[in-house]
$ cat structure.cif   # mmCIF, C-alpha atoms
data_model
loop_
_atom_site.label_atom_id
_atom_site.label_comp_id
_atom_site.auth_asym_id
_atom_site.auth_seq_id
_atom_site.Cartn_x
_atom_site.Cartn_y
_atom_site.Cartn_z
CA MET A 218 -43.95 17.13 -14.59
CA ALA A 219 -40.59 17.34 -16.33
CA ARG A 220 -39.61 20.27 -14.12
CA LYS A 221 -40.58 18.28 -11.00
CA ARG A 222 -38.53 15.29 -12.16
CA LEU A 223 -35.50 17.52 -12.76
CA SER A 224 -35.91 19.03 -9.29
CA ALA A 225 -36.10 15.56 -7.75
CA VAL A 226 -32.95 14.46 -9.59
CA PHE A 227 -31.10 17.59 -8.43
CA ILE A 228 -32.15 17.02 -4.83
CA SER A 229 -31.04 13.37 -5.03
CA PHE A 230 -27.57 14.32 -6.30
CA PHE A 231 -27.31 17.03 -3.63
CA LEU A 232 -28.17 14.55 -0.86
CA VAL A 233 -25.69 12.00 -2.22
CA GLY A 234 -23.02 14.70 -2.18
CA LEU A 235 -23.81 15.53 1.43
CA THR A 236 -23.60 11.83 2.37
CA VAL A 237 -20.17 11.44 0.72
CA GLN A 238 -18.88 14.57 2.47
CA ALA A 239 -20.28 13.35 5.79
CA THR A 240 -18.52 9.99 5.52
CA ALA A 241 -15.15 11.46 4.49
CA GLU A 242 -12.58 11.62 7.29
CA GLU A 243 -9.33 13.41 7.90
CA VAL A 244 -6.68 10.77 8.56
CA ASP A 245 -3.02 10.90 9.49
CA MET A 246 -1.97 9.19 6.26
CA GLN A 247 -3.24 7.35 3.20
CA LEU A 248 -1.22 4.19 2.61
CA VAL A 249 -1.15 1.73 -0.29
CA LEU A 250 0.52 -1.64 0.26
CA ALA A 251 1.88 -2.99 -3.06
CA ILE A 252 2.74 -6.68 -2.60
CA ASP A 253 4.89 -8.69 -5.03
CA VAL A 254 3.33 -11.95 -6.28
CA SER A 255 5.52 -12.42 -9.37
CA SER A 256 7.00 -15.75 -10.49
CA SER A 257 10.01 -15.36 -8.19
CA VAL A 258 7.64 -15.61 -5.21
CA ASN A 259 6.73 -19.27 -4.73
CA TYR A 260 3.64 -20.28 -2.78
CA ASP A 261 5.50 -20.88 0.48
CA GLU A 262 7.08 -17.43 0.15
CA TYR A 263 3.70 -15.90 -0.70
CA ASN A 264 2.25 -17.37 2.47
CA LEU A 265 5.16 -16.10 4.55
CA GLN A 266 4.72 -12.64 3.03
CA MET A 267 0.95 -12.43 3.60
CA ARG A 268 1.22 -13.87 7.11
CA GLY A 269 3.89 -11.26 7.78
CA PHE A 270 1.58 -8.44 6.73
CA ALA A 271 -1.24 -9.88 8.85
CA ALA A 272 1.04 -10.29 11.87
CA ALA A 273 2.19 -6.68 11.51
CA PHE A 274 -1.36 -5.38 11.96
CA ARG A 275 -1.68 -7.46 15.13
CA ASP A 276 1.63 -6.12 16.44
CA ASP A 277 1.44 -3.59 19.29
CA LEU A 278 4.23 -1.61 17.61
CA VAL A 279 2.02 -0.92 14.57
CA ILE A 280 -1.21 -0.46 16.52
CA GLU A 281 0.48 2.08 18.79
CA ALA A 282 1.83 3.97 15.78
CA ILE A 283 -1.67 4.19 14.27
CA THR A 284 -3.49 5.28 17.42
CA ALA A 285 -0.77 7.70 18.60
CA GLY A 286 -1.11 9.96 15.56
CA PRO A 287 -2.73 13.44 15.77
CA ARG A 288 -6.02 12.00 14.48
CA GLY A 289 -5.40 8.41 15.58
CA ARG A 290 -6.43 6.84 12.27
CA ILE A 291 -5.08 5.97 8.85
CA SER A 292 -6.68 5.03 5.54
CA ILE A 293 -5.26 1.98 3.78
CA ALA A 294 -5.61 -0.08 0.60
CA ALA A 295 -3.64 -3.13 -0.59
CA THR A 296 -2.72 -4.56 -4.00
CA HIS A 297 -0.97 -7.54 -5.54
CA TRP A 298 1.35 -7.00 -8.49
CA ALA A 299 3.41 -9.04 -10.92
CA GLY A 300 3.96 -8.50 -14.67
CA LEU A 301 2.47 -6.22 -17.31
CA ARG A 302 -1.24 -5.55 -16.69
CA GLU A 303 -1.04 -7.79 -13.61
CA GLN A 304 -2.07 -5.49 -10.81
CA GLN A 305 -5.06 -6.24 -8.61
CA THR A 306 -6.56 -4.35 -5.68
CA ILE A 307 -7.07 -6.97 -2.96
CA LEU A 308 -8.47 -4.74 -0.19
CA ASP A 309 -10.06 -1.41 -1.04
CA TRP A 310 -9.79 1.71 1.09
CA GLN A 311 -10.78 1.45 4.72
CA VAL A 312 -9.97 3.35 7.90
CA ILE A 313 -8.05 1.80 10.78
CA ALA A 314 -8.54 3.72 14.02
CA SER A 315 -8.09 1.17 16.81
CA GLY A 316 -6.50 -2.09 17.77
CA ASP A 317 -9.73 -3.89 16.91
CA ASP A 318 -9.72 -2.29 13.43
CA ALA A 319 -6.10 -3.33 12.89
CA ARG A 320 -6.74 -6.91 13.96
CA ALA A 321 -9.82 -7.09 11.73
CA TYR A 322 -7.65 -5.88 8.84
CA ALA A 323 -5.15 -8.63 9.67
CA ASP A 324 -7.96 -11.18 9.47
CA GLN A 325 -8.86 -9.88 6.00
CA LEU A 326 -5.24 -10.19 4.86
CA ASP A 327 -5.19 -13.79 6.09
CA ARG A 328 -8.07 -14.62 3.75
CA VAL A 329 -6.77 -12.98 0.55
CA PRO A 330 -6.09 -15.48 -2.27
CA ARG A 331 -3.13 -15.01 -4.57
CA SER A 332 -4.17 -12.78 -7.49
CA PHE A 333 -1.70 -14.10 -10.08
CA PRO A 334 -0.01 -17.54 -10.13
CA TYR A 335 3.03 -16.22 -12.01
CA GLY A 336 4.28 -13.21 -13.94
CA GLY A 337 7.25 -10.95 -14.46
CA THR A 338 8.47 -8.19 -12.18
CA ALA A 339 6.95 -4.95 -13.50
CA ILE A 340 7.73 -2.42 -10.77
CA ALA A 341 6.68 0.63 -12.84
CA GLY A 342 3.25 -0.88 -13.43
CA ALA A 343 2.93 -1.66 -9.73
CA LEU A 344 3.75 1.93 -8.82
CA ASP A 345 1.37 3.37 -11.42
CA HIS A 346 -1.48 1.18 -10.21
CA ALA A 347 -0.80 1.98 -6.55
CA PHE A 348 -0.75 5.70 -7.32
CA SER A 349 -4.06 5.50 -9.21
CA LEU A 350 -5.81 4.22 -6.09
CA PHE A 351 -5.45 7.52 -4.22
CA ALA A 352 -8.08 9.07 -6.50
CA GLY A 353 -10.61 6.56 -5.15
CA ASP A 354 -10.13 7.36 -1.46
CA ARG A 355 -12.63 9.89 -0.15
CA ASN A 356 -10.57 10.40 3.02
CA LEU A 357 -8.13 13.27 3.28
CA SER A 358 -4.59 13.54 4.62
CA ALA A 359 -1.42 15.59 4.27
CA ARG A 360 0.63 12.42 3.68
CA ARG A 361 0.19 9.80 0.95
CA VAL A 362 2.55 6.83 0.93
CA ILE A 363 3.12 3.79 -1.30
CA ASP A 364 4.75 0.86 0.50
CA ILE A 365 6.15 -1.48 -2.17
CA SER A 366 7.71 -4.83 -1.31
CA GLY A 367 9.43 -7.24 -3.69
CA ASP A 368 12.25 -9.74 -4.14
CA GLY A 369 13.68 -8.77 -7.53
CA VAL A 370 14.66 -6.07 -10.01
CA VAL A 371 12.54 -5.22 -13.06
CA SER A 372 12.31 -8.13 -15.51
CA ILE A 373 9.60 -6.73 -17.79
CA GLY A 374 8.20 -3.33 -18.68
CA ARG A 375 9.54 0.15 -18.12
CA ALA A 376 12.31 1.18 -15.78
CA PRO A 377 10.80 2.31 -12.46
CA GLU A 378 12.49 5.73 -12.31
CA VAL A 379 10.07 7.51 -14.65
CA ALA A 380 7.01 6.28 -12.76
CA ARG A 381 8.69 7.06 -9.44
CA ASP A 382 9.60 10.61 -10.43
CA ARG A 383 6.09 11.37 -11.71
CA ILE A 384 4.49 10.00 -8.55
CA VAL A 385 6.88 11.83 -6.23
CA ALA A 386 6.23 15.07 -8.16
CA ALA A 387 2.54 14.62 -7.26
CA GLY A 388 3.47 14.68 -3.56
CA VAL A 389 3.42 10.94 -2.83
CA ILE A 390 6.21 9.19 -0.88
CA ILE A 391 7.40 5.76 -2.03
CA ASN A 392 9.03 3.50 0.57
CA GLY A 393 10.46 0.08 -0.23
CA LEU A 394 10.86 -3.29 1.42
CA PRO A 395 13.37 -5.29 -0.64
CA ILE A 396 13.46 -8.99 0.22
CA LEU A 397 17.06 -10.16 -0.16
CA ASN A 398 16.13 -13.75 -0.87
CA ASP A 399 17.85 -14.10 -4.24
CA GLU A 400 19.43 -10.70 -4.89
CA PRO A 401 21.72 -9.44 -2.10
CA GLU A 402 22.10 -6.00 -3.76
CA LEU A 403 18.37 -5.41 -4.10
CA GLU A 404 18.26 -2.79 -1.34
CA THR A 405 20.70 -0.62 -3.31
CA TYR A 406 18.50 -1.03 -6.41
CA TYR A 407 15.41 0.05 -4.47
CA ARG A 408 17.22 3.03 -2.98
CA ASP A 409 18.54 4.20 -6.34
CA ARG A 410 15.62 3.42 -8.63
CA VAL A 411 12.37 2.78 -6.73
CA ILE A 412 11.87 4.88 -3.59
CA GLY A 413 11.44 8.64 -3.53
CA GLY A 414 9.91 11.62 -1.77
CA ILE A 415 10.67 13.48 1.43
CA GLY A 416 11.92 11.01 4.02
CA ALA A 417 11.64 7.97 1.73
CA PHE A 418 13.41 4.90 3.09
CA THR A 419 13.94 1.17 2.68
CA GLU A 420 13.63 -1.54 5.31
CA LYS A 421 15.25 -4.74 4.08
CA ALA A 422 14.22 -8.29 4.88
CA GLU A 423 17.14 -10.71 4.76
CA GLY A 424 14.74 -13.36 3.41
CA TYR A 425 11.11 -14.36 3.65
CA GLU A 426 11.67 -15.72 7.16
CA ASP A 427 12.67 -12.17 8.17
CA PHE A 428 9.71 -10.54 6.43
CA SER A 429 7.37 -10.42 9.43
CA ARG A 430 9.88 -8.46 11.52
CA ALA A 431 10.81 -6.14 8.67
CA ILE A 432 7.27 -5.20 7.66
CA ALA A 433 6.18 -4.51 11.25
CA GLU A 434 9.14 -2.17 11.82
CA LYS A 435 8.66 -0.53 8.44
CA LEU A 436 4.94 0.07 8.89
CA ALA A 437 5.42 1.53 12.36
CA ARG A 438 8.12 3.86 11.07
CA GLU A 439 6.19 5.14 8.05
CA ILE A 440 2.94 5.52 10.00
CA ARG A 441 4.74 7.62 12.60
CA GLY A 442 6.29 9.65 9.79
CA THR A 443 9.74 9.51 11.34
CA TRP A 444 12.78 9.20 9.08
CA GLN A 445 16.53 9.53 9.03
CA GLY A 446 16.93 10.95 5.53
CA VAL A 447 18.04 9.38 2.26
#
$ encode --input "structure.cif" --output "structure tokens"
Amino acid sequence: MARKRLSAVFISFFLVGLTVQATAEEVDMQLVLAIDVSSSVNYDEYNLQMRGFAAAFRDDLVIEAITAGPRGRISIAATHWAGLREQQTILDWQVIASGDDARAYADQLDRVPRSFPYGGTAIAGALDHAFSLFAGDRNLSARRVIDISGDGVVSIGRAPEVARDRIVAAGVIINGLPILNDEPELETYYRDRVIGGIGAFTEKAEGYEDFSRAIAEKLAREIRGTWQGV
């Protein structure tokens, strides 16, 4: 009886393994959106930011970039981040392979509540958390990208360079969307201390009112994989 039970357990694990392999997909990229919800982001600005992300996935520019890839699909996850130990996955990995998928993802973004009401700006923690999510995606790609947006420099925790360099060494690209709401030199800070990897770039938003335009253009550019160098 014991031998039969062991055989049954082995067969169960084998079948589970086959199911996981069968559901895995090759995608054009794996993308993590890391969204700033620290204290410097008030609730009106939070709403502008999340509506901007949602609008981007309804934008023909982004949908065309997704569907025009060699495989015509991407895998994506999204997080909120603020201070130390304040990182929260808001949407786990899912595949977007059509305009309908993209618009459904936009609807999900519209319904996400704010994860943290306040907190410092811990960019290193945000990057570490975003990087950790790749291990949980069963899809496969030759390109892994973290898209981090924020409106301030580090106010708590480690400097971002060490986290950035470790993540880039693992083959992940970090792109940045600095929101120049309060800090006009933030794009320079992101270029020097946050982004990294082959073709890494920043796309600035002049303020939260400009965020919707900036994130749509940035997403389309990084999904296509085109770049001008850094």
$ residues_near_point --input "structure.cif" --point "(9.8, -3.9, -5.7)" --cutoff "8 Å" --atoms "only C-alpha atoms" --output "list in words"
Asp253, Thr338, Ile340, Ile365, Ser366, Gly367, Asp368, Gly369, Val370, Val371, Gly393, Leu394, Pro395, Tyr407 and Val411 of chain A
$ write_last_selection --input "structure.cif" --atoms "C-alpha atoms" --output "short mmCIF file (atom, residue, chain, number, x, y, z; two decimals), in the coordinates of the input"
data_model
loop_
_atom_site.label_atom_id
_atom_site.label_comp_id
_atom_site.auth_asym_id
_atom_site.auth_seq_id
_atom_site.Cartn_x
_atom_site.Cartn_y
_atom_site.Cartn_z
CA ASP A 253 4.89 -8.69 -5.03
CA THR A 338 8.47 -8.19 -12.18
CA ILE A 340 7.73 -2.42 -10.77
CA ILE A 365 6.15 -1.48 -2.17
CA SER A 366 7.71 -4.83 -1.31
CA GLY A 367 9.43 -7.24 -3.69
CA ASP A 368 12.25 -9.74 -4.14
CA GLY A 369 13.68 -8.77 -7.53
CA VAL A 370 14.66 -6.07 -10.01
CA VAL A 371 12.54 -5.22 -13.06
CA GLY A 393 10.46 0.08 -0.23
CA LEU A 394 10.86 -3.29 1.42
CA PRO A 395 13.37 -5.29 -0.64
CA TYR A 407 15.41 0.05 -4.47
CA VAL A 411 12.37 2.78 -6.73
#
$ closest_atom_pairs --input "structure.cif" --of "region 326-388 of chain A" --to "region 300-317 of chain A" --cutoff "7 Å" --atoms "only C-alpha atoms" --output "JSON lines"
{"residue": "A:Val329", "atom": "CA", "partner": "A:Ile307", "partner_atom": "CA", "distance": 7.0}
{"residue": "A:Ser332", "atom": "CA", "partner": "A:Gln305", "partner_atom": "CA", "distance": 6.7}
{"residue": "A:Gly336", "atom": "CA", "partner": "A:Gly300", "partner_atom": "CA", "distance": 4.8}
{"residue": "A:Gly337", "atom": "CA", "partner": "A:Gly300", "partner_atom": "CA", "distance": 4.1}
{"residue": "A:Thr338", "atom": "CA", "partner": "A:Gly300", "partner_atom": "CA", "distance": 5.2}
{"residue": "A:Ala339", "atom": "CA", "partner": "A:Gly300", "partner_atom": "CA", "distance": 4.8}
{"residue": "A:Gly342", "atom": "CA", "partner": "A:Leu301", "partner_atom": "CA", "distance": 6.6}
{"residue": "A:Ala343", "atom": "CA", "partner": "A:Gln304", "partner_atom": "CA", "distance": 6.4}
{"residue": "A:His346", "atom": "CA", "partner": "A:Gln304", "partner_atom": "CA", "distance": 6.7}
{"residue": "A:Asp354", "atom": "CA", "partner": "A:Trp310", "partner_atom": "CA", "distance": 6.2}
{"residue": "A:Ile373", "atom": "CA", "partner": "A:Gly300", "partner_atom": "CA", "distance": 6.7}
{"residue": "A:Gly374", "atom": "CA", "partner": "A:Leu301", "partner_atom": "CA", "distance": 6.6}
$ residues_near_point --input "structure.cif" --point "(-4.8, -12.8, 5.7)" --cutoff "10 Å" --atoms "all atoms listed in the file" --output "PyMOL selection string"
chain A and resi 264+266-272+321-330
$ atom_distance --input "structure.cif" --atom1 "CA of Asp276 (chain A)" --atom2 "CA of Phe418 (chain A)"
20.9 Å
$ resolve_selection --input "structure.cif" --expression "the PyMOL selection byres ((chain A and resi 251) around 8)" --output "list in words"
Val249, Leu250, Ile252, Asp253, Ala295, Thr296, His297, Trp298, Ala343, Leu344, Ala347, Ile363, Asp364, Ile365 and Ser366 of chain A
$ atom_distance --input "structure.cif" --atom1 "CA of Gly413 (chain A)" --atom2 "CA of Ala376 (chain A)"
14.4 Å
$ atom_distance --input "structure.cif" --atom1 "CA of Val244 (chain A)" --atom2 "CA of Leu357 (chain A)"
6.0 Å
